[in-house]
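Below is one structure; the comments refer to it alone.
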Amino acid sequence: MPRILSLGGVAVLALAAAGCANNPYPPEPAGKRILHLSMRDDPNTLDPSAAMLPGIVDSVYPAFFEYDYLKREPTVLNLALGAEYPVSVPHRLRNGKIGERWTFRIKRGLRFQDDPCFPGGKGREVKAADFLFALKRMADPSVSAPYFSYIEKRILGLAEFAAANSERLKKEQPTDFDVDVPGLQLDPDPYTFHLILTEPFPQLKYVMALRCCSPQAREAWDKYGKELRRHPVGTGVFRVAEYTSKQRIVLVPNPARRAETYPTAGAPGDAEAGLLADAGKPLPRSDAIVYSIVRESISSWNRFLQGYEDAWGVNQTNYQSVMSRPGELSEEMKSRGVRLQRASIPNIIGFLFNMEDPTFGGYTLEKRKLRQAISLATNRMEIIDLFMQGNALPAEFLVPPGIAGYDPAFRNPYSGENLEKAKRLLAESGYPNGIDAKTGERLTLNFDNAAQDALGRQFVGLVKRQISRIGINVVSRSWRPVVMADRQEKGQWQFIEFDWFADYPDAEMFLLMLYGPNKRPGMNRPNYRNPEVDALFEKVRVMEDSPERVAMIRQIRDRAVEDCPWVYVRHNQSLLISQSWLKNRKLPSVDADMAKYWTVDVEERDRKVREWNQPVLTPLFIALGAIGLASVPAIVGVRRRSRMTARQRGKTRG
């Protein structure tokens, strides 16, 4: 006869089910300081020559310089792999021009991580030649190297090296890394190398802090080739221990890394914030970093709320839950101990005019007034409030706060909504009330964009409404992102939105977008050309920061503002949140990863995770009661049948 599970047994099973952990991670060693972060998808590449975004690559591939973690405003460059600060001297080239000769000395005893690409699997010592190989890889035409343009024409012979290997690529031949490049010179000392530049370039120190300038082992390239994108071999304090595509990437400390310690000096507020608690202790400060691939933003946010992610960003998904008002956390977040931080990596976002467009381009007084009118019709604060939740600063020019050359007192005469002035300038440009005085037709502005979702379409709609208030007909031309990118580079547009985040903290990074020779496909996307601006920029780009340089930057600003190739809208800021147990987190002021300094209070995390994930038992007991009531008839029936069967057995015996 089948047995019926007692109510007690049902309760035990149900309680066991209710108590099942919702922890999304496999079992981890107790007490280990493991950071849990997430990303939406696999990184495009972990190859330092091709990677653009900070994160895993920076943890594995350190460069000659690194940005000081605690000293900010202004940013400070420290030696990371360098033994001493590089020296530059004037250098006469064969063509008679004066360039520069930079000398770099690296630290002894640096080692690559252990990897099968090396004999016996043991990582070898890093030499100066590994830095030069990394620079050659930037010039490899088979690699999409985003920072190559910074050094292409500045390191003597590097452009020719790239061109020669482009011809080899056409013949399906591999890049020849054994060809000498005159500007890449090894010293007899194997820990010293020299770079010969075709012109002074004081910003080279910032380039040498980029991930692409981390030393690279020729052995790794020979063994893995393009698979370096998933098999990094670096010298960082972390190495990749696991890469499971679409699931997770795990970093663990690299035992081959030299001794490195947490910095001991910072800003006055750092002591109060607890950032100096680990001063002098070895890095990294965590035992592992686990990056989980979580495609859905809402899923990742729920994991943060459950305590299974240590840091997150504030965006459209969670803004209402996180913030009670701009700049202030909600009461729920405060009760959890969540910390809010604001990051301001130097950037500029605005709209561009195609300066070669027959209607909106050109440099006559009328053309300038037309662009100025559109700029004055754009309400920057409405865009910032509605689409950035107030997390941006209105822009007056390209150069953002925190960069030498930024002027907090400057007010662009063509920024900030002024419809009366905009209509007057529009009339003076030949379009009174938006009507072409010559043809009687309404002026049409084509706004090319890549809006694919509802939020993007709302943004486009707002821009159309703002500009149409002065009488211009604005037409949205929406393209798929890949098509839009192609049209942008080819100049097949009239008016577009454009954003630019600096790779290093120098005004040159922004002014290059006004330099005529840097026209498309360079970052001068409007193809703006002003000989006066070009001449000033050529002086500014080779100068160290000084009052004289700042004065020239402001001359460039004043001239470019009148020409109005840009509608300057905003300098974005990011709001990031951290769990209370995540320690030592200070947001970068440049595009760099700082995770090696972070750690977690394991006991606090475990306690709060248990608290936040307690099973809710009331519904369970209600369900058990219902099960019990439903079981009564069955139990009574079974017992009745049992008694009948017993009586029948008794009669049979009689």
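Note on naming: chains are A, B, ... as they come in the structure tokens, residues start from 1 per chain, ligands start from 1 in the order shown.
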
Q. So which bits of stretch 298-421 of chain A end up strand (DSSP E) when you DSSP the backbone, as a PyMOL selection string?
A. chain A and resi 311-313+323-325+328-329+339-343+347-353+392-394

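Summary of the local environment: counting only C-alpha atoms, residues at most 8 Å from A:Arg105, other than itself and those fewer than 3 positions away along its chain, are A:Gly82, A:Ala83, A:Glu84, A:Tyr85, A:Pro86, A:Ala128, A:Tyr191, A:Thr192, A:Phe193.
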
Q. What is the atom CA of A:Glu497-atom CA of A:Leu340 distance in Å, reported with one decimal?
A.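 Separating atom CA of A:Glu497 from atom CA of A:Leu340 is a distance of 28.9 Å.
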
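Restricting the calculation to only C-alpha atoms, the smallest distance between A:Glu125 and any of A:Leu426, A:Ala265, A:Ile106, A:Met323 is found for A:Ile106.
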
Q.
For a quick check of understanding, using only C-alpha atoms, which of A:Val474, A:Pro547, A:Cys117, A:Pro268 has the smallest distance to A:Glu219?
A.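 Ranked by minimum distance to A:Glu219, first place goes to A:Cys117.
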